Every structure is written in structure tokens, then in C-alpha cells.
>>> print(open('final.csv').read())   # CSV, C-alpha atoms and all ligand atoms
chain,number,residue,atom,x,y,z
A,14,MET,CA,-59.5,64.7,112.3
A,15,GLU,CA,-55.9,65.7,112.2
A,16,ASN,CA,-55.9,68.6,114.6
A,17,SER,CA,-52.4,69.4,115.4
A,18,LEU,CA,-53.3,71.6,118.3
A,19,THR,CA,-53.8,68.4,120.2
A,20,LYS,CA,-51.6,66.0,118.3
A,21,LYS,CA,-48.3,65.1,120.1
A,22,GLU,CA,-45.2,66.3,118.4
A,23,TYR,CA,-41.9,64.4,118.3
A,24,SER,CA,-39.4,66.1,120.7
A,25,PRO,CA,-35.7,66.6,120.3
A,26,GLU,CA,-35.2,64.7,123.5
A,27,GLU,CA,-37.0,61.7,122.1
A,28,LEU,CA,-34.8,62.1,119.0
A,29,LEU,CA,-31.7,62.0,121.0
A,30,ASN,CA,-32.8,58.9,122.9
A,31,ASP,CA,-33.7,57.1,119.6
A,32,PHE,CA,-30.4,58.2,118.1
A,33,LEU,CA,-28.4,56.6,120.9
A,34,GLU,CA,-30.5,53.5,120.8
A,35,ILE,CA,-29.9,53.1,117.0
A,36,TYR,CA,-26.3,54.2,116.8
A,37,GLY,CA,-25.0,53.7,120.3
A,38,GLY,CA,-22.4,56.0,122.0
A,39,GLU,CA,-22.7,59.0,124.4
A,40,LYS,CA,-25.1,61.8,124.5
A,41,ASP,CA,-22.3,64.4,124.4
A,42,SER,CA,-21.2,63.3,121.0
A,43,VAL,CA,-24.5,64.1,119.2
A,44,ARG,CA,-25.6,67.5,118.0
A,45,ILE,CA,-29.2,68.4,117.3
A,46,PHE,CA,-30.4,71.0,114.8
A,47,ALA,CA,-33.9,72.4,114.3
A,48,SER,CA,-35.2,73.6,110.9
A,49,PRO,CA,-38.6,75.3,110.7
A,50,ALA,CA,-41.6,75.1,108.4
A,51,ARG,CA,-42.7,78.4,106.8
A,52,ILE,CA,-45.8,80.2,105.8
A,53,ASN,CA,-45.8,82.7,103.1
A,54,ILE,CA,-48.1,85.6,104.2
A,55,ILE,CA,-48.3,87.0,100.7
A,56,GLY,CA,-46.3,87.2,97.4
A,57,GLU,CA,-47.0,83.8,95.7
A,58,HIS,CA,-45.2,82.5,92.6
A,59,ILE,CA,-43.2,85.7,92.2
A,60,ASP,CA,-39.9,84.7,93.8
A,61,TYR,CA,-38.8,83.3,90.4
A,62,ASN,CA,-40.1,86.5,88.8
A,63,GLY,CA,-37.9,88.9,90.6
A,64,GLY,CA,-40.6,89.9,93.0
A,65,LYS,CA,-40.8,90.6,96.7
A,66,VAL,CA,-42.2,88.0,99.0
A,67,PHE,CA,-43.3,88.1,102.7
A,68,PRO,CA,-42.7,84.7,104.4
A,69,ALA,CA,-42.2,83.8,108.1
A,70,CYS,CA,-40.9,80.8,109.9
A,71,ILE,CA,-43.4,79.0,112.1
A,72,ASN,CA,-43.0,76.9,115.2
A,73,ARG,CA,-43.2,73.5,113.6
A,74,TYR,CA,-39.7,71.9,113.2
A,75,LEU,CA,-37.8,69.2,111.6
A,76,TYR,CA,-35.0,67.9,113.8
A,77,VAL,CA,-31.7,66.5,112.6
A,78,ALA,CA,-29.4,64.6,115.1
A,79,ILE,CA,-25.9,64.2,113.7
A,80,ARG,CA,-22.5,62.7,114.6
A,81,LYS,CA,-19.3,62.2,112.7
A,82,ARG,CA,-18.0,58.7,112.2
A,83,ARG,CA,-14.5,57.3,112.2
A,84,ASP,CA,-14.9,55.7,108.7
A,85,SER,CA,-16.2,57.3,105.5
A,86,LYS,CA,-19.7,55.8,105.7
A,87,ILE,CA,-22.9,57.9,105.7
A,88,PHE,CA,-26.1,56.7,107.4
A,89,TYR,CA,-29.5,58.4,106.9
A,90,LYS,CA,-32.4,57.4,109.1
A,91,ASP,CA,-35.7,58.9,109.9
A,92,VAL,CA,-38.0,58.1,112.8
A,93,LYS,CA,-41.1,58.1,110.7
A,94,PHE,CA,-40.0,56.8,107.3
A,95,PRO,CA,-39.2,53.1,107.1
A,96,LEU,CA,-36.4,53.6,104.5
A,97,SER,CA,-32.9,54.1,105.7
A,98,PHE,CA,-29.8,54.6,103.6
A,99,GLU,CA,-26.1,53.9,103.6
A,100,PHE,CA,-23.6,55.7,101.3
A,101,ASP,CA,-20.0,56.6,101.3
A,102,ILE,CA,-19.0,60.2,101.5
A,103,ASN,CA,-16.5,59.7,98.6
A,104,GLU,CA,-19.2,58.6,96.2
A,105,ASN,CA,-20.4,60.7,93.3
A,106,PHE,CA,-24.1,61.1,94.0
A,107,ALA,CA,-26.8,61.2,91.3
A,108,TYR,CA,-30.5,61.3,91.5
A,109,SER,CA,-32.1,57.8,91.8
A,110,LYS,CA,-35.8,57.1,92.3
A,111,GLU,CA,-35.2,54.5,95.0
A,112,ASN,CA,-33.2,56.9,97.0
A,113,ASP,CA,-36.4,58.7,98.0
A,114,TYR,CA,-35.7,61.4,100.6
A,115,ALA,CA,-32.0,60.7,100.4
A,116,ASN,CA,-31.9,62.5,97.1
A,117,TYR,CA,-32.4,65.8,98.8
A,118,LEU,CA,-29.5,65.1,101.1
A,119,ASN,CA,-27.2,63.7,98.4
A,120,GLY,CA,-28.0,66.8,96.4
A,121,ILE,CA,-26.8,69.0,99.3
A,122,LEU,CA,-23.6,67.0,99.7
A,123,THR,CA,-22.9,67.3,96.0
A,124,GLN,CA,-23.2,71.1,96.2
A,125,LEU,CA,-20.9,71.3,99.2
A,126,LYS,CA,-18.3,69.1,97.5
A,127,GLU,CA,-18.5,71.2,94.4
A,128,LYS,CA,-17.7,74.2,96.5
A,129,GLY,CA,-14.4,72.5,97.3
A,130,LEU,CA,-15.3,71.6,100.9
A,131,VAL,CA,-13.6,68.5,102.0
A,132,PHE,CA,-15.1,65.9,104.3
A,133,ASP,CA,-12.5,64.1,106.4
A,134,CYS,CA,-14.9,61.4,107.5
A,135,GLY,CA,-18.5,60.1,107.1
A,136,PHE,CA,-21.4,60.8,109.5
A,137,GLU,CA,-24.7,59.4,110.8
A,138,ILE,CA,-28.0,61.2,111.1
A,139,LEU,CA,-31.4,60.5,112.5
A,140,MET,CA,-34.2,62.9,111.6
A,141,ALA,CA,-37.7,63.6,112.9
A,142,SER,CA,-40.1,66.0,111.3
A,143,ASN,CA,-43.2,67.6,112.7
A,144,ILE,CA,-43.9,69.2,109.4
A,145,PRO,CA,-46.6,67.5,107.2
A,146,ALA,CA,-44.8,66.1,104.1
A,147,GLY,CA,-45.8,67.6,100.7
A,148,GLY,CA,-48.2,69.8,102.6
A,149,GLY,CA,-47.3,73.3,101.3
A,150,ILE,CA,-45.4,74.6,104.4
A,151,SER,CA,-42.1,73.6,102.9
A,152,SER,CA,-41.2,70.3,104.5
A,153,SER,CA,-38.6,69.8,101.8
A,154,SER,CA,-36.8,73.1,102.2
A,155,ALA,CA,-36.8,72.5,106.0
A,156,LEU,CA,-35.1,69.2,105.2
A,157,GLU,CA,-32.6,70.7,102.8
A,158,CYS,CA,-31.6,73.6,105.0
A,159,GLY,CA,-31.7,71.6,108.2
A,160,PHE,CA,-29.4,69.0,106.8
A,161,ALA,CA,-27.1,71.5,105.0
A,162,PHE,CA,-26.7,73.6,108.2
A,163,ALA,CA,-26.2,70.5,110.4
A,164,VAL,CA,-23.5,69.2,108.1
A,165,CYS,CA,-21.7,72.6,107.8
A,166,GLU,CA,-21.7,73.1,111.5
A,167,THR,CA,-20.5,69.6,112.2
A,168,PHE,CA,-17.7,69.8,109.8
A,169,GLY,CA,-16.8,73.4,110.5
A,170,PHE,CA,-17.5,74.6,107.0
A,171,ASP,CA,-17.8,78.4,106.8
A,172,VAL,CA,-21.0,78.7,104.7
A,173,SER,CA,-23.3,81.7,105.1
A,174,ARG,CA,-27.0,81.4,105.6
A,175,THR,CA,-27.6,82.9,102.2
A,176,GLU,CA,-25.4,80.1,100.7
A,177,ILE,CA,-27.2,77.5,102.7
A,178,ALA,CA,-30.4,78.7,101.0
A,179,LYS,CA,-28.9,78.7,97.6
A,180,ILE,CA,-27.5,75.2,98.1
A,181,GLY,CA,-30.9,74.0,99.1
A,182,GLN,CA,-32.5,75.5,96.1
A,183,MET,CA,-29.9,74.1,93.7
A,184,SER,CA,-30.3,70.6,95.2
A,185,GLU,CA,-34.0,70.9,94.5
A,186,HIS,CA,-33.3,72.0,90.9
A,187,ARG,CA,-30.7,69.3,90.2
A,188,PHE,CA,-31.9,66.4,92.2
A,189,MET,CA,-35.7,66.8,92.4
A,190,ASN,CA,-36.4,68.4,89.1
A,191,THR,CA,-38.4,71.3,90.6
A,192,LYS,CA,-37.2,74.7,89.4
A,193,CYS,CA,-38.3,76.3,92.6
A,194,GLY,CA,-37.5,79.9,93.6
A,195,ILE,CA,-35.4,80.9,96.6
A,196,MET,CA,-38.2,82.0,99.0
A,197,ASP,CA,-38.6,78.8,101.1
A,198,GLN,CA,-34.9,78.0,101.6
A,199,PHE,CA,-34.1,81.7,102.3
A,200,ILE,CA,-36.7,82.2,105.0
A,201,ILE,CA,-35.8,78.9,106.6
A,202,ALA,CA,-32.1,79.8,106.6
A,203,THR,CA,-32.5,83.4,107.8
A,204,GLY,CA,-35.9,83.7,109.6
A,205,LYS,CA,-36.3,85.1,113.1
A,206,LYS,CA,-38.9,84.4,115.7
A,207,ASN,CA,-41.6,87.1,116.0
A,208,PHE,CA,-40.7,88.6,112.6
A,209,ALA,CA,-41.8,88.1,109.0
A,210,GLU,CA,-39.3,88.9,106.3
A,211,ILE,CA,-39.7,91.0,103.2
A,212,LEU,CA,-37.3,89.4,100.7
A,213,ASP,CA,-36.5,91.0,97.4
A,214,CYS,CA,-35.9,87.9,95.3
A,215,ALA,CA,-34.1,89.9,92.6
A,216,THR,CA,-31.3,91.1,94.9
A,217,LEU,CA,-31.7,88.9,98.0
A,218,GLU,CA,-31.9,91.9,100.2
A,219,TYR,CA,-34.3,91.5,103.1
A,220,GLU,CA,-35.9,93.3,105.9
A,221,TYR,CA,-37.4,91.9,109.1
A,222,VAL,CA,-40.9,93.2,109.9
A,223,PRO,CA,-42.3,92.5,113.4
A,224,LEU,CA,-45.1,89.9,113.2
A,225,GLU,CA,-47.5,91.7,115.5
A,226,LEU,CA,-50.9,90.2,115.1
A,227,GLY,CA,-52.7,91.6,118.1
A,228,ASP,CA,-55.6,89.3,119.1
A,229,CYS,CA,-55.3,87.3,115.9
A,230,CYS,CA,-53.1,84.5,114.7
A,231,PHE,CA,-52.5,82.5,111.6
A,232,ILE,CA,-54.2,79.2,111.2
A,233,VAL,CA,-52.7,76.7,108.8
A,234,MET,CA,-55.3,74.7,106.9
A,235,ASN,CA,-54.0,71.6,105.2
A,236,THR,CA,-56.0,70.2,102.3
A,237,ASN,CA,-54.5,66.8,103.0
A,238,LYS,CA,-54.1,66.6,99.3
A,239,VAL,CA,-50.5,65.6,99.0
A,240,ARG,CA,-48.7,66.6,95.8
A,241,LYS,CA,-45.2,66.4,94.6
A,242,LEU,CA,-44.1,69.7,93.1
A,243,SER,CA,-42.0,67.8,90.5
A,244,ASP,CA,-45.2,66.2,89.2
A,245,SER,CA,-47.3,69.4,89.4
A,246,LYS,CA,-47.6,72.2,86.9
A,247,TYR,CA,-45.0,74.3,88.9
A,248,ASN,CA,-42.3,74.1,86.2
A,249,GLU,CA,-44.9,74.8,83.6
A,250,ARG,CA,-46.0,78.1,85.4
A,251,ARG,CA,-42.4,79.1,85.6
A,252,ALA,CA,-41.9,78.5,81.9
A,253,GLU,CA,-45.1,80.5,81.0
A,254,CYS,CA,-43.7,83.5,83.0
A,255,GLU,CA,-40.4,83.2,81.1
A,256,GLN,CA,-42.3,83.2,77.8
A,257,GLY,CA,-44.3,86.3,78.8
A,258,LEU,CA,-41.1,88.1,79.9
A,259,LYS,CA,-39.4,87.3,76.6
A,260,ILE,CA,-42.3,88.7,74.6
A,261,LEU,CA,-42.1,92.0,76.5
A,262,GLN,CA,-38.3,92.1,76.2
A,263,SER,CA,-38.4,91.4,72.5
A,264,ALA,CA,-40.8,94.3,72.1
A,265,GLY,CA,-38.2,96.6,73.6
A,266,ILE,CA,-39.4,96.7,77.2
A,267,LYS,CA,-36.2,97.0,79.3
A,268,ILE,CA,-36.9,94.7,82.2
A,269,ASN,CA,-35.1,91.7,83.6
A,270,ALA,CA,-38.1,90.2,85.4
A,271,LEU,CA,-41.9,90.6,85.3
A,272,CYS,CA,-42.1,92.0,88.7
A,273,GLU,CA,-40.0,95.1,87.7
A,274,LEU,CA,-43.2,96.3,86.0
A,275,SER,CA,-45.3,98.8,87.9
A,276,ALA,CA,-49.1,98.5,87.6
A,277,GLU,CA,-49.0,101.5,85.2
A,278,ASP,CA,-46.3,100.0,82.9
A,279,TRP,CA,-48.3,96.8,82.8
A,280,GLU,CA,-51.5,98.5,81.7
A,281,LYS,CA,-49.6,100.3,79.0
A,282,ASN,CA,-47.8,97.2,77.7
A,283,LYS,CA,-49.9,94.2,78.5
A,284,SER,CA,-51.4,94.0,75.0
A,285,LEU,CA,-48.0,93.1,73.7
A,286,ILE,CA,-48.7,89.6,75.1
A,287,LYS,CA,-51.3,88.3,72.8
A,288,ASP,CA,-51.7,84.9,74.3
A,289,GLU,CA,-54.5,85.2,76.9
A,290,ILE,CA,-53.0,82.6,79.3
A,291,LEU,CA,-49.5,84.1,79.2
A,292,GLN,CA,-51.1,87.5,79.8
A,293,LYS,CA,-53.0,86.3,82.9
A,294,ARG,CA,-49.9,84.7,84.4
A,295,ALA,CA,-47.9,87.9,84.0
A,296,GLU,CA,-50.7,90.0,85.3
A,297,HIS,CA,-50.8,88.0,88.5
A,298,CYS,CA,-47.1,88.6,89.0
A,299,VAL,CA,-47.3,92.3,88.6
A,300,PHE,CA,-50.2,92.8,91.0
A,301,GLU,CA,-49.1,90.2,93.5
A,302,ASN,CA,-45.9,92.1,93.8
A,303,GLN,CA,-47.8,95.3,94.5
A,304,ARG,CA,-49.9,93.5,97.1
A,305,VAL,CA,-46.8,92.5,99.0
A,306,LEU,CA,-45.7,96.1,99.3
A,307,LYS,CA,-49.2,97.0,100.6
A,308,ALA,CA,-49.3,94.1,103.0
A,309,ALA,CA,-46.0,95.1,104.5
A,310,VAL,CA,-47.3,98.7,105.1
A,311,ALA,CA,-50.5,97.2,106.6
A,312,LEU,CA,-48.6,95.0,109.0
A,313,LYS,CA,-46.3,97.8,110.0
A,314,ASN,CA,-49.3,100.0,110.7
A,315,GLY,CA,-51.1,97.2,112.6
A,316,ASP,CA,-53.9,97.4,110.1
A,317,LEU,CA,-54.9,93.7,110.1
A,318,GLU,CA,-58.2,94.3,108.3
A,319,ALA,CA,-56.3,95.7,105.3
A,320,LEU,CA,-53.8,92.8,105.5
A,321,GLY,CA,-56.7,90.3,105.5
A,322,LYS,CA,-58.3,91.9,102.3
A,323,LEU,CA,-54.9,91.6,100.5
A,324,LEU,CA,-54.8,87.9,101.4
A,325,ASN,CA,-58.2,87.4,99.9
A,326,GLU,CA,-57.2,89.3,96.7
A,327,SER,CA,-54.1,87.2,96.4
A,328,HIS,CA,-56.0,84.0,96.6
A,329,GLU,CA,-58.5,85.2,94.0
A,330,SER,CA,-55.7,86.1,91.6
A,331,LEU,CA,-54.0,82.7,92.2
A,332,ARG,CA,-57.3,81.0,91.4
A,333,SER,CA,-58.4,82.9,88.3
A,334,LYS,CA,-55.2,84.2,86.8
A,335,TYR,CA,-52.4,81.9,87.9
A,336,GLU,CA,-54.6,78.8,88.2
A,337,VAL,CA,-52.8,77.0,90.9
A,338,THR,CA,-55.5,76.6,93.6
A,339,GLY,CA,-57.9,73.8,92.8
A,340,ILE,CA,-61.1,72.8,94.5
A,341,GLU,CA,-59.5,71.8,97.8
A,342,LEU,CA,-57.7,75.1,98.4
A,343,ASP,CA,-60.7,77.1,97.0
A,344,THR,CA,-63.1,75.4,99.4
A,345,LEU,CA,-60.8,76.1,102.4
A,346,ALA,CA,-60.3,79.8,101.5
A,347,GLU,CA,-64.0,80.4,100.5
A,348,SER,CA,-65.3,78.8,103.7
A,349,ALA,CA,-62.7,80.7,105.8
A,350,TRP,CA,-63.9,84.0,104.3
A,351,LYS,CA,-67.4,83.3,105.5
A,352,GLN,CA,-66.4,82.8,109.1
A,353,ASP,CA,-66.9,85.3,111.9
A,354,GLY,CA,-63.6,86.4,113.2
A,355,CYS,CA,-61.6,85.6,110.0
A,356,LEU,CA,-59.9,88.7,108.5
A,357,GLY,CA,-58.6,87.0,105.4
A,358,ALA,CA,-57.4,83.7,103.9
A,359,ARG,CA,-55.4,82.4,101.0
A,360,MET,CA,-53.4,79.5,99.7
A,361,THR,CA,-49.8,79.5,100.8
A,362,GLY,CA,-46.8,78.1,98.9
A,363,ALA,CA,-47.0,76.4,95.5
A,364,GLY,CA,-50.7,75.5,95.6
A,365,PHE,CA,-52.1,72.4,93.7
A,366,GLY,CA,-53.2,71.1,97.1
A,367,GLY,CA,-50.9,71.7,100.1
A,368,CYS,CA,-51.9,74.4,102.6
A,369,ALA,CA,-53.8,77.6,103.0
A,370,ILE,CA,-53.6,80.2,105.8
A,371,ALA,CA,-56.2,82.2,107.6
A,372,LEU,CA,-55.9,85.2,109.8
A,373,VAL,CA,-58.3,84.6,112.6
A,374,GLN,CA,-59.2,86.2,115.9
A,375,LYS,CA,-57.9,84.0,118.7
A,376,GLN,CA,-61.2,83.7,120.5
A,377,LYS,CA,-62.8,82.4,117.4
A,378,ILE,CA,-60.3,79.7,116.6
A,379,ASP,CA,-62.5,76.8,117.8
A,380,SER,CA,-65.6,77.7,115.9
A,381,PHE,CA,-63.5,78.7,112.9
A,382,ILE,CA,-61.9,75.3,112.7
A,383,GLU,CA,-65.2,73.4,113.3
A,384,ASN,CA,-67.1,75.3,110.6
A,385,VAL,CA,-64.4,75.2,108.0
A,386,GLN,CA,-63.8,71.5,108.6
A,387,LYS,CA,-67.5,70.8,108.2
A,388,ALA,CA,-67.8,72.6,104.9
A,389,TYR,CA,-64.5,71.1,103.6
A,390,THR,CA,-65.5,67.5,104.5
A,391,GLN,CA,-68.9,67.9,103.0
A,392,LYS,CA,-67.6,69.1,99.7
A,393,ILE,CA,-64.3,67.2,99.4
A,394,GLY,CA,-65.2,63.9,101.1
A,395,TYR,CA,-62.3,63.8,103.5
A,396,SER,CA,-61.1,66.0,106.3
A,397,ALA,CA,-58.6,68.9,106.3
A,398,GLY,CA,-55.9,69.4,109.0
A,399,PHE,CA,-55.8,72.6,111.1
A,400,PHE,CA,-53.4,74.2,113.5
A,401,ALA,CA,-52.9,77.6,114.9
A,402,CYS,CA,-49.2,78.5,114.4
A,403,GLY,CA,-46.9,80.6,116.3
A,404,SER,CA,-43.8,82.1,114.8
A,405,GLY,CA,-40.5,80.2,114.7
A,406,ASP,CA,-36.8,80.7,114.3
A,407,GLY,CA,-34.7,80.0,111.2
A,408,VAL,CA,-32.5,76.9,111.2
A,409,HIS,CA,-30.4,76.7,114.4
A,410,GLU,CA,-28.7,74.3,116.8
A,411,LEU,CA,-30.5,73.4,119.9
A,412,PRO,CA,-28.3,74.8,122.7
A,413,LEU,CA,-29.6,72.6,125.6
A,414,ILE,CA,-28.6,69.5,123.8
A,415,SER,CA,-25.5,70.8,122.1
A,416,ARG,CA,-22.2,69.8,123.6
A,417,ARG,CA,-19.6,71.6,121.5
B,1,LIG,C1,-42.9,76.8,96.3
B,1,LIG,C2,-41.5,77.1,95.9
B,1,LIG,C3,-41.1,78.6,96.1
B,1,LIG,C4,-42.2,79.5,95.6
B,1,LIG,C5,-43.6,79.0,96.0
B,1,LIG,C6,-44.7,79.8,95.4
B,1,LIG,O1,-43.0,76.8,97.7
B,1,LIG,O2,-40.5,76.3,96.5
B,1,LIG,O3,-39.9,78.9,95.6
B,1,LIG,O4,-42.1,79.6,94.2
B,1,LIG,O5,-43.8,77.6,95.7
B,1,LIG,O6,-44.7,81.1,95.8
>>> encode(input="final.csv", output="C-alpha cells")
Amino acid sequence: MENSLTKKEYSPEELLNDFLEIYGGEKDSVRIFASPARINIIGEHIDYNGGKVFPACINRYLYVAIRKRRDSKIFYKDVKFPLSFEFDINENFAYSKENDYANYLNGILTQLKEKGLVFDCGFEILMASNIPAGGGISSSSALECGFAFAVCETFGFDVSRTEIAKIGQMSEHRFMNTKCGIMDQFIIATGKKNFAEILDCATLEYEYVPLELGDCCFIVMNTNKVRKLSDSKYNERRAECEQGLKILQSAGIKINALCELSAEDWEKNKSLIKDEILQKRAEHCVFENQRVLKAAVALKNGDLEALGKLLNESHESLRSKYEVTGIELDTLAESAWKQDGCLGARMTGAGFGGCAIALVQKQKIDSFIENVQKAYTQKIGYSAGFFACGSGDGVHELPLISRR
């Protein structure tokens, strides 16, 4: 069973040693950056509907070791993936299937160049990720933001953290064909240890909220059902929301995004959307947005019971109205709800597989994992992965290893 509480993680020191073994040279010439995974506490599928979301960075990182070169070549290597890539910084990059993970990176470089930033030489990188790939805690955004930040720092580009987030998002739109929202890249670029963040996706204003969970912690539960967002119904859901919005706008409702609607406005106007499916999708957005506001109040008041209930309601809405859960996530959430010491549980991220989170009393972690694992394996036929997560910092350079 993958239990990451016991599984050894790849350390930045190991990465540095491997970097020197592969590329040669001196320790002092290499810089190492850490980019975290994230959980979204609540506020799902509403970042692209002008809603508020409530994510936090967790203490699982992807590391990027980087060094400039004398020539214009670029080398990408990863300690876990067998594929390595060589390009030239002066190339015009385009998506290509065989470029695999390099597409994310080339997408970032393309955005930076389009901003008019000039690379005076190439560079070499080695990466190591402790974030399960395709697992719903945003391994891809960690890669995009970690790489973008590492490159900007290395080349002295003055690019703000908000811009880093936008560059990551655009790379995903243009190179990966996923029309994702801004939430994942934003929290990874701006997150702070021991805080969650309420992000208003319409304005990109944000507020840090202390992540004080008392005797509880979040457990990440991985369905181990890997999915690629570009192959999932993610873009379809986004299009359905756009259709619902258009119908309301055409009927004269003055809104720019579904999440601008209050619960009351929704009740008054929902019958304008005749299509049952489109109506369900929009309804999820309106009420999920309300739940985020309630969840922030609950966390600020230390009312974890109330927070837990909101998590459950969110999952239920994502299951029945937004239809992005599936049997794996439902099994995890429903078995979690039955456990002693579990205050609430829901899928996190895009859904369609990936991960769920549960708010669990620390003293109950072992029995919680054992019981949910048993129920999951019995029903699904293979095991889930579990780890209790602590909070993490947004993308940053590792000071001990840095030699500016
Ligand atoms: C993925 C996307 C985010 C967001 C979530 C669902 O993680 O990258 O922008 O839409 O799904 O909330």
C-alpha cells in the first residue's frame, strides 16, 4: 500500500548530488527551488466562474535544480522519468506529443519570451517531484510555477508571483489543451506556510487565513486513478458553465460570471435555464461559492465541525450536480464520512479520479487510514494512497543550498 507517511521522499540534497553527477561542475553554481503541491479546502470548479476558492499549499514539493550554460542549449532531466530533452533557447516552441513533460516547460518559456524577456544563454535543469503525478494535488501546476520561478530568478527577470501564476495557467491552456482556472498556479505562486488563502478569482485579490486545525489535520486520499485533465470532461464542464451564463445574460441578468449570483438571485432566475444539466452545473457554482464564504468564517472561528459539514456538502454537490466525482472518489468520501474522528471529507481539485481530503482527528489517523483503505480496496479492487499533510510554502528558493 502506498502510505506516504512511511515512504521515503527525494531530498534536495540528493537532487544536488545527482545534478553534479549528471552535469558536472561545482555545487556553488547550482540553485535549487521548491514548488509545493496544494489542496483545495473548498470552492471547487468555481475559479473559472468568477468564484472564491480556499486552497492551501502542503508540504510535498517538487524540486528544480538549475544552472545557466555558456551556450544556448537547454537540457531537461527528471530523476524519475526516463525521458530527457535537449532544445535550443532560440527555438520557437510548439506542443508536440513526444515532448511529454517538456511541453509544460516549453510553454512557460514561450510565455516569457512573448513578454519580451531575453535569454542571454541556455540552461540545464534536473527535477525531482514528491507529488504524485496526475493525482489531483496539482503536480502540473507545481511543475509550471516551480520551473517559471526558477528560470525567472536565474535570469534575473522581474516577474511578479501573480504573473508567474498567469504564465503557468496560459502554458496549460496553450500547450496542454486544458482550459484550467487560476487557482492552482495562484496558490502555488503565493501560498504561505500555516495559512490557507481565500482567493477571489474574479479580481485576484486574496486574503491569508491562519490554518489552525487544533487536534485535527488534513489527510490526502489518492484514488490512484490517474487521469489527464486534457482527456477528461474538464473543458466540457467549463463550456457548460459558459452556456448557462450566456442564457442568463441574454435574459437580461447583469452578471459577468455565475458566482456573482447570490442564492436568492439564483432561486429567482434559475428557471431561465431550461436545460436540466446546465441548470445543475450553474446551481453547483452558486452554492459552492456560498460555502467558501461560510468555510472561511468557520475556520476563522475555529469551528471545525462546521467546516467539516461544508466539506461534505461540497462533495455531495460535486457528485450530484457537477458530476465530476466517480465511484473512486465517492467511495473514499463516503467511507471517510463513516469513520470515528473524521469531521468531513470531499474530493479536491478537478475530480474524475485524483485525490480527496479528509479532516481527521490526529489520534484517529491510523484507524482512519486502515478502515478507509479496507473499504476502498474491497469496492474498487486496488488500493488508495494516504498521507497526513502539513502545510507548505509557496514556490521558493532553498536558502541552504542557494549560493547567490
Ligand atoms: C483543476 C484546475 C483548477 C480548478 C480545479 C477545480 O485543479 O487546474 O483551475 O478549476 O481543477 O476546482
>>> closest_residue(input="final.csv", among="A:Thr338, A:Asn62, A:Ser380, A:Gln386", to="A:Ala252", atoms="only C-alpha atoms")
A:Asn62
>>> residues_near_ligand(input="final.csv", ligand="ligand LIG 1 (chain B)", cutoff="7 Å", atoms="all atoms listed in the file", output="list in words")
Gly56, Glu57, His58, Ile59, Asp60, Tyr61, Gly149, Ser151, Cys193, Gly194, Ile195, Met196, Asp197, Gly362 and Ala363 of chain A
>>> closest_residue(input="final.csv", among="A:Pro49, A:Gly129, A:Gly64, A:Gly357", to="A:Ser327", atoms="only C-alpha atoms")
A:Gly357
>>> atom_distance(input="final.csv", atom1="atom CA of A:Ala308", atom2="atom CA of A:Ile200")
17.4 Å
>>> closest_residue(input="final.csv", among="A:Val337, A:Ala358, A:Leu285, A:Ala349", to="A:Leu324", atoms="all atoms listed in the file")
A:Ala358
>>> closest_atom_pairs(input="final.csv", of="stretch 25-107 of chain A", to="stretch 206-209 of chain A", cutoff="8 Å", atoms="only C-alpha atoms", output="Markdown table")
| residue | atom | partner | partner_atom | distance |
| --- | --- | --- | --- | --- |
| A:Phe67 | CA | A:Ala209 | CA | 6.5 |
| A:Pro68 | CA | A:Ala209 | CA | 5.8 |
| A:Ala69 | CA | A:Ala209 | CA | 4.4 |
| A:Cys70 | CA | A:Lys206 | CA | 7.1 |
| A:Ile71 | CA | A:Lys206 | CA | 7.9 |
>>> atom_distance(input="final.csv", atom1="atom CA of A:Lys287", atom2="atom CA of A:Ser263")
13.3 Å
>>> residues_around(input="final.csv", residues="A:Lys307", least_positions_apart="6", cutoff="10 Å", atoms="only C-alpha atoms", output="MDAnalysis selection string")
chainID A and resid 301 313 319:320 323
>>> atom_distance(input="final.csv", atom1="atom CA of A:Val222", atom2="atom CA of A:Lys377")
25.5 Å
>>> residues_around(input="final.csv", residues="A:Ser173", least_positions_apart="4", cutoff="12 Å", atoms="only C-alpha atoms", output="short mmCIF file (atom, residue, chain, number, x, y, z; two decimals) with C-alpha atoms, in the coordinates of the input")
data_model
loop_
_atom_site.label_atom_id
_atom_site.label_comp_id
_atom_site.auth_asym_id
_atom_site.auth_seq_id
_atom_site.Cartn_x
_atom_site.Cartn_y
_atom_site.Cartn_z
CA CYS A 158 -31.60 73.60 105.00
CA ALA A 161 -27.10 71.50 105.00
CA PHE A 162 -26.70 73.60 108.20
CA CYS A 165 -21.70 72.60 107.80
CA GLU A 166 -21.70 73.10 111.50
CA GLY A 169 -16.80 73.40 110.50
CA ILE A 177 -27.20 77.50 102.70
CA ALA A 178 -30.40 78.70 101.00
CA LYS A 179 -28.90 78.70 97.60
CA ILE A 180 -27.50 75.20 98.10
CA PHE A 199 -34.10 81.70 102.30
CA ALA A 202 -32.10 79.80 106.60
CA THR A 203 -32.50 83.40 107.80
#
>>> closest_residue(input="final.csv", among="A:Gly37, A:Gly321, A:Gly407, A:Gly366", to="A:Phe231", atoms="all atoms listed in the file")
A:Gly321
>>> residues_around(input="final.csv", residues="A:Lys93", least_positions_apart="6", cutoff="9 Å", atoms="only C-alpha atoms", output="CSV table (one decimal) with C-alpha atoms, in the frame of the given file")
chain,number,residue,atom,x,y,z
A,140,MET,CA,-34.2,62.9,111.6
A,141,ALA,CA,-37.7,63.6,112.9
A,142,SER,CA,-40.1,66.0,111.3
>>> closest_residue(input="final.csv", among="A:Cys134, A:Ala369, A:Ile260, A:Leu96", to="A:Asp84", atoms="all atoms listed in the file")
A:Cys134
